[in-house]
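Enquirer: Just coords05.pdb, nothing more (PDB, N, CA and C atoms):
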```
ATOM      1  N   MET A  25       1.116 -24.989   6.459
ATOM      2  CA  MET A  25       1.863 -23.774   6.199
ATOM      3  C   MET A  25       3.048 -24.101   5.285
ATOM      4  N   VAL A  26       3.243 -23.312   4.229
ATOM      5  CA  VAL A  26       4.327 -23.514   3.282
ATOM      6  C   VAL A  26       5.479 -22.616   3.687
ATOM      7  N   LYS A  27       6.642 -23.211   3.850
ATOM      8  CA  LYS A  27       7.822 -22.432   4.220
ATOM      9  C   LYS A  27       8.466 -21.877   2.956
ATOM     10  N   THR A  28       8.727 -20.592   2.949
ATOM     11  CA  THR A  28       9.394 -19.966   1.819
ATOM     12  C   THR A  28      10.757 -19.478   2.268
ATOM     13  N   ALA A  29      11.691 -19.484   1.356
ATOM     14  CA  ALA A  29      13.043 -19.020   1.674
ATOM     15  C   ALA A  29      13.041 -17.503   1.737
ATOM     16  N   ASN A  30      13.740 -16.975   2.731
ATOM     17  CA  ASN A  30      13.859 -15.518   2.748
ATOM     18  C   ASN A  30      14.987 -15.107   1.816
ATOM     19  N   LYS A  31      15.118 -13.830   1.564
ATOM     20  CA  LYS A  31      16.094 -13.350   0.587
ATOM     21  C   LYS A  31      17.522 -13.697   0.961
ATOM     22  N   SER A  32      17.839 -13.773   2.237
ATOM     23  CA  SER A  32      19.218 -14.065   2.632
ATOM     24  C   SER A  32      19.570 -15.529   2.412
ATOM     25  N   GLU A  33      18.569 -16.441   2.369
ATOM     26  CA  GLU A  33      18.844 -17.851   2.150
ATOM     27  C   GLU A  33      19.034 -18.185   0.670
ATOM     28  N   ALA A  34      18.362 -17.487  -0.213
ATOM     29  CA  ALA A  34      18.359 -17.844  -1.621
ATOM     30  C   ALA A  34      19.754 -17.867  -2.255
ATOM     31  N   PRO A  35      20.586 -16.839  -2.116
ATOM     32  CA  PRO A  35      21.892 -16.894  -2.777
ATOM     33  C   PRO A  35      22.756 -18.057  -2.308
ATOM     34  N   SER A  36      22.715 -18.406  -1.042
ATOM     35  CA  SER A  36      23.565 -19.490  -0.570
ATOM     36  C   SER A  36      23.126 -20.824  -1.150
ATOM     37  N   ARG A  37      21.824 -21.006  -1.360
ATOM     38  CA  ARG A  37      21.343 -22.245  -1.955
ATOM     39  C   ARG A  37      21.704 -22.312  -3.425
ATOM     40  N   LEU A  38      21.793 -21.177  -4.092
ATOM     41  CA  LEU A  38      22.090 -21.156  -5.510
ATOM     42  C   LEU A  38      23.577 -21.151  -5.799
ATOM     43  N   HIS A  39      24.379 -20.857  -4.811
ATOM     44  CA  HIS A  39      25.821 -20.759  -5.014
ATOM     45  C   HIS A  39      26.359 -22.058  -5.587
ATOM     46  N   GLY A  40      27.118 -21.965  -6.651
ATOM     47  CA  GLY A  40      27.700 -23.137  -7.267
ATOM     48  C   GLY A  40      26.893 -23.647  -8.444
ATOM     49  N   GLN A  41      25.601 -23.395  -8.468
ATOM     50  CA  GLN A  41      24.764 -23.849  -9.563
ATOM     51  C   GLN A  41      24.492 -22.733 -10.565
ATOM     52  N   PHE A  42      24.430 -21.515 -10.082
ATOM     53  CA  PHE A  42      24.120 -20.371 -10.915
ATOM     54  C   PHE A  42      25.121 -19.262 -10.661
ATOM     55  N   VAL A  43      25.342 -18.440 -11.683
ATOM     56  CA  VAL A  43      26.237 -17.289 -11.545
ATOM     57  C   VAL A  43      25.528 -16.065 -12.101
ATOM     58  N   SER A  44      25.935 -14.912 -11.632
ATOM     59  CA  SER A  44      25.382 -13.653 -12.126
ATOM     60  C   SER A  44      26.076 -13.280 -13.440
ATOM     61  N   VAL A  45      25.567 -12.278 -14.111
ATOM     62  CA  VAL A  45      26.166 -11.812 -15.360
ATOM     63  C   VAL A  45      27.616 -11.364 -15.136
ATOM     64  N   PRO A  46      27.908 -10.548 -14.104
ATOM     65  CA  PRO A  46      29.308 -10.164 -13.885
ATOM     66  C   PRO A  46      30.209 -11.363 -13.562
ATOM     67  N   GLU A  47      29.698 -12.333 -12.813
ATOM     68  CA  GLU A  47      30.499 -13.525 -12.492
ATOM     69  C   GLU A  47      30.772 -14.344 -13.750
ATOM     70  N   ALA A  48      29.773 -14.470 -14.620
ATOM     71  CA  ALA A  48      29.959 -15.202 -15.875
ATOM     72  C   ALA A  48      30.990 -14.499 -16.751
ATOM     73  N   ALA A  49      30.919 -13.184 -16.798
ATOM     74  CA  ALA A  49      31.883 -12.415 -17.584
ATOM     75  C   ALA A  49      33.299 -12.627 -17.061
ATOM     76  N   GLU A  50      33.432 -12.660 -15.759
ATOM     77  CA  GLU A  50      34.751 -12.887 -15.166
ATOM     78  C   GLU A  50      35.261 -14.294 -15.478
ATOM     79  N   LEU A  51      34.387 -15.278 -15.399
ATOM     80  CA  LEU A  51      34.774 -16.660 -15.712
ATOM     81  C   LEU A  51      35.281 -16.796 -17.145
ATOM     82  N   LEU A  52      34.600 -16.122 -18.066
ATOM     83  CA  LEU A  52      34.938 -16.220 -19.482
ATOM     84  C   LEU A  52      35.963 -15.189 -19.928
ATOM     85  N   ARG A  53      36.276 -14.272 -19.029
ATOM     86  CA  ARG A  53      37.218 -13.182 -19.319
ATOM     87  C   ARG A  53      36.748 -12.334 -20.495
ATOM     88  N   ILE A  54      35.443 -12.013 -20.450
ATOM     89  CA  ILE A  54      34.846 -11.111 -21.427
ATOM     90  C   ILE A  54      34.025 -10.083 -20.661
ATOM     91  N   SER A  55      33.477  -9.132 -21.364
ATOM     92  CA  SER A  55      32.713  -8.075 -20.689
ATOM     93  C   SER A  55      31.283  -8.536 -20.393
ATOM     94  N   PRO A  56      30.661  -7.930 -19.382
ATOM     95  CA  PRO A  56      29.236  -8.209 -19.133
ATOM     96  C   PRO A  56      28.355  -7.891 -20.346
ATOM     97  N   VAL A  57      28.754  -6.924 -21.149
ATOM     98  CA  VAL A  57      28.009  -6.588 -22.367
ATOM     99  C   VAL A  57      28.003  -7.793 -23.315
ATOM    100  N   SER A  58      29.117  -8.496 -23.407
ATOM    101  CA  SER A  58      29.192  -9.685 -24.259
ATOM    102  C   SER A  58      28.292 -10.792 -23.731
ATOM    103  N   ILE A  59      28.225 -10.942 -22.411
ATOM    104  CA  ILE A  59      27.326 -11.941 -21.815
ATOM    105  C   ILE A  59      25.890 -11.598 -22.176
ATOM    106  N   ARG A  60      25.531 -10.332 -22.089
ATOM    107  CA  ARG A  60      24.164  -9.922 -22.433
ATOM    108  C   ARG A  60      23.876 -10.164 -23.919
ATOM    109  N   ARG A  61      24.906 -10.026 -24.764
ATOM    110  CA  ARG A  61      24.742 -10.327 -26.186
ATOM    111  C   ARG A  61      24.451 -11.815 -26.372
ATOM    112  N   TYR A  62      25.166 -12.683 -25.642
ATOM    113  CA  TYR A  62      24.884 -14.122 -25.705
ATOM    114  C   TYR A  62      23.444 -14.408 -25.258
ATOM    115  N   LEU A  63      22.976 -13.701 -24.259
ATOM    116  CA  LEU A  63      21.601 -13.878 -23.801
ATOM    117  C   LEU A  63      20.616 -13.465 -24.898
ATOM    118  N   ARG A  64      20.877 -12.343 -25.527
ATOM    119  CA  ARG A  64      20.001 -11.842 -26.580
ATOM    120  C   ARG A  64      19.977 -12.799 -27.780
ATOM    121  N   LEU A  65      21.132 -13.418 -28.082
ATOM    122  CA  LEU A  65      21.238 -14.353 -29.204
ATOM    123  C   LEU A  65      20.795 -15.770 -28.833
ATOM    124  N   LYS A  66      20.348 -15.924 -27.587
ATOM    125  CA  LYS A  66      19.855 -17.221 -27.080
ATOM    126  C   LYS A  66      20.942 -18.292 -27.017
ATOM    127  N   LYS A  67      22.208 -17.868 -26.849
ATOM    128  CA  LYS A  67      23.294 -18.826 -26.647
ATOM    129  C   LYS A  67      23.395 -19.230 -25.181
ATOM    130  N   LEU A  68      22.762 -18.447 -24.321
ATOM    131  CA  LEU A  68      22.667 -18.741 -22.891
ATOM    132  C   LEU A  68      21.222 -18.542 -22.467
ATOM    133  N   ARG A  69      20.790 -19.341 -21.509
ATOM    134  CA  ARG A  69      19.457 -19.168 -20.939
ATOM    135  C   ARG A  69      19.577 -18.358 -19.654
ATOM    136  N   ARG A  70      18.604 -17.509 -19.407
ATOM    137  CA  ARG A  70      18.586 -16.719 -18.185
ATOM    138  C   ARG A  70      17.525 -17.264 -17.248
ATOM    139  N   PHE A  71      17.804 -17.132 -15.964
ATOM    140  CA  PHE A  71      16.858 -17.491 -14.924
ATOM    141  C   PHE A  71      16.673 -16.244 -14.077
ATOM    142  N   LYS A  72      15.456 -15.733 -14.049
ATOM    143  CA  LYS A  72      15.176 -14.513 -13.292
ATOM    144  C   LYS A  72      14.767 -14.882 -11.876
ATOM    145  N   VAL A  73      15.429 -14.281 -10.909
ATOM    146  CA  VAL A  73      15.085 -14.424  -9.494
ATOM    147  C   VAL A  73      14.893 -13.006  -8.991
ATOM    148  N   GLY A  74      13.649 -12.601  -8.909
ATOM    149  CA  GLY A  74      13.379 -11.207  -8.582
ATOM    150  C   GLY A  74      13.921 -10.337  -9.705
ATOM    151  N   ALA A  75      14.752  -9.392  -9.358
ATOM    152  CA  ALA A  75      15.361  -8.509 -10.349
ATOM    153  C   ALA A  75      16.687  -9.057 -10.873
ATOM    154  N   ARG A  76      17.172 -10.151 -10.262
ATOM    155  CA  ARG A  76      18.478 -10.703 -10.645
ATOM    156  C   ARG A  76      18.365 -11.622 -11.848
ATOM    157  N   THR A  77      19.355 -11.561 -12.713
ATOM    158  CA  THR A  77      19.480 -12.495 -13.824
ATOM    159  C   THR A  77      20.597 -13.456 -13.469
ATOM    160  N   LEU A  78      20.269 -14.741 -13.448
ATOM    161  CA  LEU A  78      21.251 -15.763 -13.147
ATOM    162  C   LEU A  78      21.409 -16.683 -14.343
ATOM    163  N   LEU A  79      22.605 -17.235 -14.469
ATOM    164  CA  LEU A  79      22.936 -18.131 -15.573
ATOM    165  C   LEU A  79      23.418 -19.449 -14.998
ATOM    166  N   SER A  80      23.162 -20.524 -15.722
ATOM    167  CA  SER A  80      23.648 -21.828 -15.297
ATOM    168  C   SER A  80      25.169 -21.852 -15.390
ATOM    169  N   HIS A  81      25.816 -22.230 -14.307
ATOM    170  CA  HIS A  81      27.278 -22.316 -14.276
ATOM    171  C   HIS A  81      27.761 -23.286 -15.353
ATOM    172  N   ASP A  82      27.067 -24.416 -15.520
ATOM    173  CA  ASP A  82      27.451 -25.415 -16.517
ATOM    174  C   ASP A  82      27.345 -24.869 -17.941
ATOM    175  N   GLU A  83      26.299 -24.091 -18.219
ATOM    176  CA  GLU A  83      26.148 -23.511 -19.556
ATOM    177  C   GLU A  83      27.243 -22.488 -19.835
ATOM    178  N   VAL A  84      27.602 -21.708 -18.821
ATOM    179  CA  VAL A  84      28.677 -20.724 -18.992
ATOM    180  C   VAL A  84      29.978 -21.449 -19.303
ATOM    181  N   LEU A  85      30.273 -22.512 -18.556
ATOM    182  CA  LEU A  85      31.485 -23.278 -18.824
ATOM    183  C   LEU A  85      31.415 -23.968 -20.189
ATOM    184  N   GLY A  86      30.203 -24.319 -20.622
ATOM    185  CA  GLY A  86      30.027 -24.918 -21.932
ATOM    186  C   GLY A  86      30.443 -23.982 -23.066
ATOM    187  N   LEU A  87      30.294 -22.678 -22.863
ATOM    188  CA  LEU A  87      30.731 -21.710 -23.863
ATOM    189  C   LEU A  87      32.244 -21.757 -24.048
ATOM    190  N   ILE A  88      32.959 -22.047 -22.974
ATOM    191  CA  ILE A  88      34.419 -22.156 -23.059
ATOM    192  C   ILE A  88      34.788 -23.317 -23.984
ATOM    193  N   HIS A  89      34.144 -24.454 -23.757
ATOM    194  CA  HIS A  89      34.433 -25.639 -24.563
ATOM    195  C   HIS A  89      33.985 -25.476 -26.008
ATOM    196  N   GLU A  90      32.901 -24.732 -26.213
ATOM    197  CA  GLU A  90      32.399 -24.475 -27.572
ATOM    198  C   GLU A  90      33.388 -23.638 -28.363
ATOM    199  N   ALA A  91      34.070 -22.710 -27.682
ATOM    200  CA  ALA A  91      34.995 -21.804 -28.351
ATOM    201  C   ALA A  91      36.324 -22.479 -28.716
ATOM    202  N   GLN A  92      36.631 -23.602 -28.087
ATOM    203  CA  GLN A  92      37.931 -24.242 -28.340
ATOM    204  C   GLN A  92      37.946 -25.065 -29.566
TER
END
```
Let me see the structure of the file written as structure tokens.
Expert:
Amino acid sequence: MVKTANKSEAPSRLHGQFVSVPEAAELLRISPVSIRRYLRLKKLRRFKVGARTLLSHDEVLGLIHEAQ
């Protein structure tokens, strides 16, 4: 039998490694629309978990360093 994570377990396991679009926008102090523009321009990679779009926390922080 293969054990699968239920929906309540998934966010806690991902916490710290991935952030949502609104969380990324808050980290960068820009709008969620700007984050979606970065996604469209392929400056960020998206990871789909069900209906959620998650971004790598490290890649989001990398945008900060790229801008400096």
Enquirer: For this structure, which residues satisfy the selection - the PyMOL selection byres ((chain A and resi 42-47) around 8) - when it is evaluated on the file as given? I want them as a list in words.
Expert: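 After applying the PyMOL selection byres ((chain A and resi 42-47) around 8), what remains is Arg37, Leu38, His39, Gly40, Gln41, Ala48, Ala49, Glu50, Leu51, Leu52, Arg53, Ser55, Pro56, Val57, Ile59, Arg60, Arg76, Thr77, Leu78, Leu79, Ser80, His81 and Asp82 of chain A.
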Enquirer: Distance atom CA of A:His89-atom CA of A:Arg64, one decimal place?
Expert: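 Those two atoms sit 20.1 Å apart.
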Enquirer: How many Å lie between atom N of A:Glu90 and atom CA of A:Arg61, rounded to one decimal?
Expert: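 Between atom N of A:Glu90 and atom CA of A:Arg61 the gap works out to 16.6 Å.
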Enquirer: Between atom N of A:Gly74 and atom N of A:Ile88, measure the distance and give it in Å to one decimal.
Expert: 25.7 Å
Enquirer: I'd like the box whose edges run along x, y and z of the file and which contains every listed atom of stretch 68-72 of chain A, padded by 4 Å per side; could you state its centre and edge lengths in Å, one decimal, as JSON?
Expert:
```
{"center_x": 18.8, "center_y": -16.9, "center_z": -18.1, "size_x": 16.0, "size_y": 12.8, "size_z": 20.4}
```
